[in-house]
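J.: Just so it is clear, I am handing over entry-v6.txt, which has compact mmCIF, C-alpha atoms and all ligand atoms.
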# COMPACT_ATOMS: atom_id res chain seq x y z
CA MET A 30 -2.72 21.51 -10.05
CA SER A 31 -0.69 19.48 -12.58
CA ALA A 32 -2.29 16.67 -14.57
CA TYR A 33 -1.08 13.81 -16.74
CA THR A 34 -2.46 11.41 -19.32
CA VAL A 35 -1.97 7.72 -18.61
CA HIS A 36 -2.61 4.99 -21.19
CA GLN A 37 -4.01 1.59 -20.24
CA GLY A 38 -0.78 -0.06 -21.42
CA GLN A 39 1.21 1.81 -18.77
CA LEU A 40 -0.89 0.46 -15.90
CA PRO A 41 0.67 -3.01 -15.43
CA GLY A 42 4.12 -1.46 -14.96
CA LEU A 43 2.78 1.12 -12.53
CA PHE A 44 0.86 -1.43 -10.48
CA ARG A 45 3.86 -3.76 -10.31
CA LEU A 46 5.96 -0.92 -9.01
CA TRP A 47 3.39 0.25 -6.46
CA ALA A 48 2.88 -3.32 -5.25
CA LYS A 49 6.58 -3.50 -4.31
CA LEU A 50 6.14 -0.48 -2.03
CA TYR A 51 2.58 -0.87 -0.76
CA LYS A 52 -0.19 -3.36 -0.17
CA VAL A 53 -2.41 -2.23 -3.03
CA HIS A 54 -6.21 -2.59 -2.88
CA VAL A 55 -8.42 -2.13 -5.95
CA PRO A 56 -12.15 -2.41 -6.72
CA VAL A 57 -13.20 -5.79 -8.16
CA GLN A 58 -16.46 -7.50 -9.02
CA THR A 59 -17.20 -10.23 -6.46
CA ALA A 60 -20.52 -11.43 -7.93
CA PRO A 61 -22.77 -10.03 -10.67
CA GLY A 62 -23.74 -6.53 -9.51
CA PHE A 63 -21.56 -6.68 -6.37
CA TYR A 64 -18.17 -5.05 -5.86
CA ASP A 65 -15.58 -4.79 -3.14
CA PHE A 66 -11.97 -3.74 -2.63
CA ALA A 67 -9.47 -6.60 -2.83
CA PRO A 68 -5.67 -6.91 -2.80
CA TRP A 69 -4.21 -6.33 -6.24
CA GLU A 70 -2.48 -9.25 -7.99
CA PRO A 71 -0.99 -9.17 -11.51
CA ASP A 72 -4.06 -10.97 -12.91
CA THR A 73 -6.65 -8.90 -11.01
CA GLU A 74 -9.37 -7.43 -13.18
CA ILE A 75 -10.09 -3.93 -11.89
CA ALA A 76 -13.78 -2.97 -11.92
CA TRP A 77 -13.29 0.49 -13.43
CA ASP A 78 -17.03 1.05 -13.71
CA TYR A 79 -18.09 -0.16 -10.25
CA ASP A 80 -20.95 1.87 -8.79
CA LEU A 81 -20.53 1.02 -5.08
CA THR A 82 -18.55 -1.49 -3.03
CA VAL A 83 -20.38 -3.55 -0.41
CA ASN A 84 -17.87 -2.61 2.27
CA PRO A 85 -16.51 0.86 2.91
CA LEU A 86 -12.79 1.57 3.14
CA LYS A 87 -12.81 2.31 6.87
CA ARG A 88 -11.66 -1.25 7.58
CA HIS A 89 -8.23 -0.31 6.15
CA LEU A 90 -7.92 2.60 8.55
CA LEU A 91 -9.88 1.30 11.54
CA PRO A 92 -9.81 -2.51 11.32
CA PRO A 93 -12.91 -4.43 12.45
CA ARG A 94 -10.78 -5.94 15.23
CA GLU A 95 -7.39 -4.79 16.42
CA ASP A 96 -5.10 -5.63 19.34
CA LEU A 97 -4.00 -2.57 21.33
CA VAL A 98 -1.99 -3.71 24.34
CA VAL A 99 -0.49 -6.96 25.67
CA PHE A 100 0.21 -7.17 29.40
CA ASP A 101 1.69 -9.41 32.07
CA THR A 102 -0.21 -9.55 35.35
CA ARG A 103 2.83 -10.86 37.27
CA THR A 104 5.37 -8.22 36.24
CA TYR A 105 2.81 -5.45 35.72
CA GLU A 106 4.33 -4.75 32.31
CA ALA A 107 2.25 -3.63 29.37
CA ARG A 108 3.28 -3.02 25.79
CA GLY A 109 1.38 -1.40 22.95
CA VAL A 110 0.99 -3.56 19.85
CA PHE A 111 0.27 -1.99 16.56
CA GLN A 112 0.52 -2.66 12.87
CA ALA A 113 0.20 0.01 10.20
CA PRO A 114 0.97 -1.46 6.79
CA GLN A 115 2.07 0.82 3.99
CA GLN A 116 -1.03 0.65 1.81
CA LEU A 117 -2.35 2.16 -1.38
CA LEU A 118 -6.10 2.38 -1.93
CA PHE A 119 -6.73 2.68 -5.66
CA GLY A 120 -10.09 3.63 -7.17
CA VAL A 121 -11.71 5.46 -4.26
CA HIS A 122 -14.89 7.33 -5.27
CA PRO A 123 -15.32 10.94 -4.10
CA TYR A 124 -18.10 10.17 -1.58
CA ASP A 125 -15.77 7.66 0.10
CA LEU A 126 -13.01 10.27 0.08
CA ARG A 127 -15.42 12.56 1.89
CA ALA A 128 -16.13 9.82 4.43
CA ILE A 129 -12.40 9.36 5.07
CA ALA A 130 -12.02 13.14 5.42
CA GLN A 131 -14.74 13.04 8.09
CA LEU A 132 -12.99 10.23 9.96
CA ASP A 133 -9.74 12.22 9.77
CA GLN A 134 -11.45 15.04 11.65
CA LEU A 135 -13.49 12.96 14.07
CA MET A 136 -10.57 10.77 15.12
CA GLU A 137 -8.63 13.88 16.13
CA LEU A 138 -11.38 15.23 18.39
CA GLY A 139 -11.09 14.80 22.13
CA SER A 140 -8.38 12.24 22.67
CA PRO A 141 -6.76 11.75 19.22
CA ASP A 142 -6.76 8.18 17.98
CA ARG A 143 -3.07 7.55 17.39
CA ASN A 144 -3.62 4.15 15.75
CA TYR A 145 -5.95 5.68 13.20
CA ARG A 146 -3.59 8.56 12.57
CA ARG A 147 -0.59 6.31 11.96
CA ARG A 148 -2.55 4.09 9.61
CA ARG A 149 -3.77 7.13 7.76
CA GLU A 150 -0.23 8.49 7.41
CA ASN A 151 0.80 5.16 5.85
CA THR A 152 -2.06 5.21 3.36
CA VAL A 153 -1.82 6.51 -0.19
CA ILE A 154 -5.18 7.29 -1.82
CA PHE A 155 -5.74 7.29 -5.57
CA ALA A 156 -9.28 8.48 -6.25
CA LEU A 157 -11.34 7.47 -9.26
CA ASP A 158 -14.22 9.44 -10.69
CA PRO A 159 -17.34 7.19 -10.84
CA LEU A 160 -18.51 6.08 -14.26
CA ARG A 161 -21.80 4.74 -12.87
CA VAL A 162 -24.11 5.87 -10.10
CA ALA A 163 -25.59 3.29 -7.70
CA PRO A 164 -29.42 3.24 -7.74
CA ASP A 165 -29.66 4.22 -4.05
CA ALA A 166 -26.89 6.82 -4.07
CA PHE A 167 -27.67 10.42 -3.19
CA TRP A 168 -24.14 11.75 -2.68
CA SER A 169 -24.57 14.44 -5.28
CA THR A 170 -27.14 16.37 -3.22
CA LEU A 171 -24.96 16.07 -0.11
CA GLY A 172 -22.09 17.83 -1.89
CA ALA A 173 -20.00 14.64 -1.83
CA GLY A 174 -19.78 14.10 -5.58
CA ARG A 175 -16.51 15.88 -6.08
CA ALA A 176 -13.41 16.10 -3.91
CA ASP A 177 -10.74 18.76 -4.16
CA ILE A 178 -8.55 17.41 -1.38
CA GLY A 179 -7.93 14.14 0.43
CA PHE A 180 -6.29 12.24 -2.45
CA ASP A 181 -2.76 11.76 -3.75
CA LEU A 182 -3.95 11.30 -7.35
CA TYR A 183 -7.41 11.67 -8.91
CA TRP A 184 -8.09 9.45 -11.92
CA THR A 185 -10.78 10.09 -14.52
CA LYS A 186 -11.34 7.63 -17.38
CA ILE A 187 -11.58 9.76 -20.53
CA GLY A 188 -11.49 7.06 -23.18
CA PRO A 189 -11.59 3.28 -23.57
CA ALA A 190 -7.88 3.10 -22.75
CA MET A 191 -6.96 6.54 -21.45
CA PHE A 192 -7.01 8.29 -18.07
CA PHE A 193 -6.70 11.89 -17.00
CA VAL A 194 -4.77 11.97 -13.71
CA GLU A 195 -4.74 15.03 -11.49
CA VAL A 196 -2.02 15.38 -8.90
CA GLY A 197 -3.08 15.96 -5.30
CA THR A 198 0.24 15.54 -3.49
CA ALA A 199 3.96 15.35 -4.27
CA ARG A 200 3.89 11.71 -3.06
CA GLY A 201 1.20 10.91 -5.64
CA GLU A 202 3.13 12.57 -8.47
CA GLU A 203 6.31 10.74 -7.53
CA LEU A 204 4.48 7.39 -7.63
CA LEU A 205 2.98 8.22 -11.00
CA LEU A 206 6.30 9.18 -12.55
CA ALA A 207 8.32 6.43 -10.90
CA ALA A 208 7.81 3.84 -13.66
CA GLY A 209 8.98 6.08 -16.49
CA GLU A 210 7.75 8.76 -18.85
CA VAL A 211 4.14 9.98 -18.43
CA GLU A 212 2.72 12.68 -20.70
CA ARG A 213 1.44 15.97 -19.33
CA ALA A 214 -2.28 16.39 -20.04
CA GLY A 215 -3.16 18.96 -22.69
CA ALA A 216 -6.24 21.17 -23.09
CA ALA A 217 -8.16 18.39 -24.91
CA GLN A 218 -7.69 15.94 -22.02
CA HIS A 219 -8.68 18.57 -19.45
CA GLU A 220 -11.87 19.19 -21.43
CA ALA A 221 -12.58 15.44 -21.80
CA ALA A 222 -12.23 14.97 -18.03
CA ARG A 223 -14.52 17.91 -17.32
CA ARG A 224 -17.18 16.49 -19.67
CA THR A 225 -16.94 12.97 -18.20
CA ARG A 226 -17.41 14.29 -14.66
CA GLU A 227 -20.27 16.52 -15.68
CA ASP A 228 -22.05 13.57 -17.31
CA THR A 229 -21.78 11.55 -14.10
CA ARG A 230 -22.97 14.45 -11.93
CA ARG A 231 -25.93 15.01 -14.24
CA ARG A 232 -27.02 11.40 -13.78
CA ALA A 233 -26.45 11.57 -10.02
CA ASP A 234 -28.35 14.84 -9.55
CA GLY A 235 -31.69 13.25 -10.40
CA HIS A 236 -31.94 11.44 -7.06
CA GLY A 237 -31.47 13.00 -3.67
CA LEU A 238 -32.44 15.37 -0.92
CA LYS A 239 -35.33 17.71 -1.70
CA PHE A 240 -33.70 20.50 0.28
CA PRO A 241 -30.22 21.97 0.89
CA TRP A 242 -28.20 19.69 3.19
CA GLN A 243 -27.23 22.73 5.27
CA GLU A 244 -30.82 22.72 6.61
CA LEU A 245 -30.54 19.25 8.15
CA PRO A 246 -29.68 20.15 11.77
CA ARG A 247 -32.48 22.73 11.89
CA VAL A 248 -35.03 20.16 10.69
CA MET A 249 -33.69 17.45 12.99
CA ALA A 250 -33.90 19.75 16.01
CA LYS A 251 -37.69 19.87 15.54
CA ALA A 252 -38.14 16.16 14.80
CA TRP A 253 -37.48 14.40 18.13
CA ASP A 254 -41.12 13.28 18.46
CA ALA A 255 -41.70 12.52 14.75
CA GLY A 256 -44.00 9.60 13.99
CA ILE A 257 -41.50 8.06 11.55
CA TRP A 258 -39.30 6.81 14.40
CA ARG A 259 -42.03 4.52 15.77
CA GLU A 260 -43.36 3.57 12.35
CA LYS A 261 -39.99 2.44 10.91
CA SER A 262 -38.28 1.16 14.05
CA SER A 263 -41.10 -1.35 14.65
CA MET A 264 -39.66 -3.29 11.68
CA CYS A 265 -36.01 -3.13 12.77
CA LEU A 266 -34.26 -6.48 13.23
CA ALA A 267 -31.45 -4.89 15.30
CA CYS A 268 -28.86 -6.56 13.08
CA GLY A 269 -26.47 -3.59 12.93
CA SER A 270 -25.78 -4.02 9.19
CA CYS A 271 -26.56 -0.35 8.50
CA ASN A 272 -23.76 0.65 10.90
CA LEU A 273 -21.23 -1.88 9.67
CA VAL A 274 -21.46 -0.89 6.00
CA CYS A 275 -21.49 2.83 6.72
CA PRO A 276 -18.21 4.56 5.78
CA THR A 277 -18.69 7.22 8.47
CA CYS A 278 -19.70 5.01 11.44
CA TYR A 279 -16.65 4.48 13.63
CA CYS A 280 -17.83 3.33 17.08
CA PHE A 281 -15.89 0.53 18.70
CA ASP A 282 -15.93 -1.48 21.89
CA MET A 283 -12.90 -2.31 24.08
CA ARG A 284 -12.35 -5.76 25.56
CA GLU A 285 -9.68 -7.47 27.64
CA GLU A 286 -8.91 -11.14 28.10
CA LEU A 287 -6.44 -13.25 30.05
CA ASP A 288 -4.87 -16.48 28.86
CA GLU A 289 -5.59 -19.73 30.74
CA SER A 290 -2.64 -19.19 33.14
CA LEU A 291 -4.10 -15.80 34.10
CA GLY A 292 -0.57 -14.44 33.70
CA LYS A 293 -0.75 -12.78 30.32
CA GLY A 294 -3.51 -10.87 28.63
CA ARG A 295 -4.37 -8.44 25.91
CA ARG A 296 -6.69 -5.55 25.29
CA TRP A 297 -8.33 -5.22 21.90
CA ARG A 298 -11.03 -3.19 20.23
CA GLN A 299 -13.64 -4.19 17.70
CA TRP A 300 -16.35 -2.39 15.75
CA ASP A 301 -19.56 -1.81 17.60
CA ALA A 302 -22.91 -0.65 16.23
CA CYS A 303 -25.43 1.70 17.83
CA MET A 304 -28.29 -0.32 16.32
CA LEU A 305 -27.35 -3.38 18.38
CA PRO A 306 -29.42 -3.74 21.59
CA ALA A 307 -26.39 -3.92 23.93
CA PHE A 308 -24.59 -0.88 22.51
CA ALA A 309 -25.82 1.49 25.20
CA GLN A 310 -25.95 -1.02 28.02
CA VAL A 311 -23.87 0.03 31.02
CA ALA A 312 -22.86 -1.41 34.39
CA GLY A 313 -25.81 -2.58 36.45
CA GLY A 314 -27.67 -3.65 33.32
CA HIS A 315 -29.21 -0.24 32.61
CA ASN A 316 -29.68 0.42 28.92
CA PHE A 317 -30.27 4.05 27.98
CA ARG A 318 -31.32 3.15 24.43
CA GLY A 319 -33.01 -0.15 25.13
CA LYS A 320 -35.90 0.27 22.68
CA HIS A 321 -35.78 -0.07 18.89
CA LEU A 322 -37.26 3.40 18.59
CA ASP A 323 -34.48 5.00 20.66
CA ARG A 324 -31.74 3.30 18.64
CA TYR A 325 -33.34 4.01 15.28
CA ARG A 326 -33.87 7.70 16.08
CA HIS A 327 -30.35 8.00 17.50
CA ARG A 328 -28.78 6.81 14.26
CA TYR A 329 -30.50 9.56 12.26
CA PHE A 330 -29.77 12.23 14.84
CA ARG A 331 -26.16 11.15 14.77
CA LYS A 332 -26.05 11.48 10.98
CA GLY A 333 -28.17 14.60 10.62
CA LYS A 334 -27.33 16.62 13.72
CA TYR A 335 -24.72 15.43 16.22
CA ILE A 336 -21.91 14.95 13.68
CA PHE A 337 -23.00 18.11 11.86
CA ASP A 338 -22.66 20.08 15.09
CA LEU A 339 -19.07 18.79 15.41
CA ILE A 340 -17.70 19.20 11.88
CA GLY A 341 -20.19 21.33 9.96
CA GLU A 342 -21.51 18.67 7.58
CA PRO A 343 -23.83 15.64 7.84
CA GLY A 344 -22.35 12.36 9.07
CA CYS A 345 -23.75 10.77 5.91
CA VAL A 346 -22.13 11.03 2.49
CA GLY A 347 -25.07 9.53 0.57
CA CYS A 348 -23.34 6.35 -0.59
CA GLY A 349 -26.54 4.30 -0.20
CA ARG A 350 -24.80 1.26 1.35
CA CYS A 351 -27.13 1.10 4.35
CA ILE A 352 -30.17 1.24 2.07
CA LYS A 353 -28.92 -1.80 0.18
CA ALA A 354 -27.80 -3.67 3.31
CA CYS A 355 -31.02 -3.37 5.33
CA THR A 356 -33.16 -6.49 5.06
CA ALA A 357 -36.15 -4.65 6.55
CA ARG A 358 -35.78 -1.84 3.97
CA ILE A 359 -35.99 0.86 6.64
CA ALA A 360 -32.38 2.11 6.82
CA ASN A 361 -32.83 4.87 4.31
CA PRO A 362 -31.44 8.27 5.34
CA LEU A 363 -32.69 9.86 2.13
CA ALA A 364 -36.30 8.80 2.69
CA VAL A 365 -36.15 9.73 6.39
CA PHE A 366 -34.59 13.17 5.83
CA ASN A 367 -36.94 14.03 2.96
CA ARG A 368 -39.97 13.07 5.02
CA LEU A 369 -38.78 15.09 8.01
CA TRP A 370 -38.29 18.05 5.68
CA GLU A 371 -41.88 17.73 4.47
CA GLU A 372 -43.18 17.57 8.04
CA TYR A 373 -40.91 19.99 9.87
CA ALA A 374 -39.33 22.49 7.43
S1 LIG A 401 -25.80 6.58 6.51
FE1 LIG A 401 -26.05 5.13 4.79
S2 LIG A 401 -26.01 6.44 2.96
FE2 LIG A 401 -25.18 7.65 4.65
S3 LIG A 401 -22.96 7.35 4.54
FE3 LIG A 401 -23.77 5.81 5.98
S4 LIG A 401 -24.13 3.98 4.70
FE4 LIG A 401 -23.89 5.73 3.31
S1 LIG A 402 -29.89 -2.72 8.84
FE1 LIG A 402 -32.11 -2.31 9.04
S2 LIG A 402 -32.87 -3.98 10.30
FE2 LIG A 402 -30.63 -3.95 10.58
S3 LIG A 402 -30.30 -2.61 12.38
FE3 LIG A 402 -30.17 -1.30 10.56
S4 LIG A 402 -32.28 -0.49 10.34
FE4 LIG A 402 -32.44 -2.28 11.70
Could you render the structure as structure tokens?
T.:
Amino acid sequence: MSAYTVHQGQLPGLFRLWAKLYKVHVPVQTAPGFYDFAPWEPDTEIAWDYDLTVNPLKRHLLPPREDLVVFDTRTYEARGVFQAPQQLLFGVHPYDLRAIAQLDQLMELGSPDRNYRRRRENTVIFALDPLRVAPDAFWSTLGAGRADIGFDLYWTKIGPAMFFVEVGTARGEELLLAAGEVERAGAAQHEAARRTREDTRRRADGHGLKFPWQELPRVMAKAWDAGIWREKSSMCLACGSCNLVCPTCYCFDMREELDESLGKGRRWRQWDACMLPAFAQVAGGHNFRGKHLDRYRHRYFRKGKYIFDLIGEPGCVGCGRCIKACTARIANPLAVFNRLWEEYA
């Protein structure tokens, strides 16, 4: 894999060039201690050392709300509507890369999601190795601390004004070299990048699962009647925040509406959340997960077993967003999985 060294002074030229071709999103600080991805502008201050963004990147691939079809009830004509902007996501941490890689697989299962696929094809991803680890993160023990695929370029900050940039795809390399001369990385830069990443992993390793993640489905299979479901779910506010901030949750709901003439209408989809009371409500008013306990348990089975059974890894990358977002302080996959391990291993 080829690698280059990029100096801070080269970045404005590169960003200006990329912004002509793509809608570029970068990590920024939105309030002290809070970060998010935002559109890049020439005066944007990139938060190189962000630990975690409040929102995951799934909204750029699976928007919170999206029109699918417009139709005419008089002519019986329907037309698909779709927008897939050319976009470049800069500064994506490895655990979020892993989450996107999961969505890539899950959206192809069954009936492939063509909207997702087309958005994904139009998305360039420049990864960034984390310089700081969020207090609630446990990605390291889920094997999501390093990505070998799923990026066009992988950036590692190896000095106050210097980056080591590994090439993941020909498209990434072309975009890196498009603004002019960029030096090839030498042995010293390779070594500096290796040390920087090792330092981060060392800090991340201190907090996480007390057992190998490969054991999760086996433990979950024994834990259907665990006491933790009742104990924790009794405090759940059913707000759905843990779903909305999760980079691997992708459920959506479909709706249709007619205009006031009843002649034209549209079908759209919007994010849904399995922690909301109406998520599992069906025709006739029956709700097959009507209790807090059922919804709370389902979320962990989804993360620890059902997704695992489909793609061979947990449906949780250990970002810690849900832990931070939960007002009741009960949406904590790490605490739940570790306790189930103690009780059911
Ligand atoms: S379940 Fe929580 S920790 Fe796991 S990926 Fe989702 S938001 Fe992150
Ligand atoms: S964020 Fe917490 S309170 Fe809200 S639905 Fe999730 S577990 Fe319940």
J.: Grab me every residue within 7 Å of ligand LIG 401 (chain A), counting only C-alpha atoms and all ligand atoms, and send it over as an MDAnalysis selection string.
T.: chainID A and resid 271 274:278 332 344:352 361:362
J.: Could you put an axis-aligned box around every listed atom of ligand LIG 402 (chain A), padded by 5 Å on each side, and send me its centre and edge lengths in Å to one decimal, as JSON?
T.:
{"center_x": -31.4, "center_y": -2.2, "center_z": 10.6, "size_x": 13.0, "size_y": 13.5, "size_z": 13.5}
J.: Show which residues sit within 10 Å of A:Lys251, as a list in words. Count all atoms listed in the file, and ignore same-chain residues fewer than 4 positions away.
T.: Pro246, Arg247, Ala255, Leu369, Glu372, Tyr373 and Ala374 of chain A
J.: Within 10 Å of ligand LIG 402 (chain A) (counting all atoms listed in the file), which residues show up? I'd like them as a PyMOL selection string.
T.: chain A and resi 261-274+302-306+321+324-325+328+350-361
J.: With only C-alpha atoms as the atoms that count, which of A:Lys293, A:Leu206, A:Ser140, A:Val121 lies nearest to A:Ala76?
T.: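 Checking each of A:Lys293, A:Leu206, A:Ser140, A:Val121 against A:Ala76, counting only C-alpha atoms, the winner is A:Val121.
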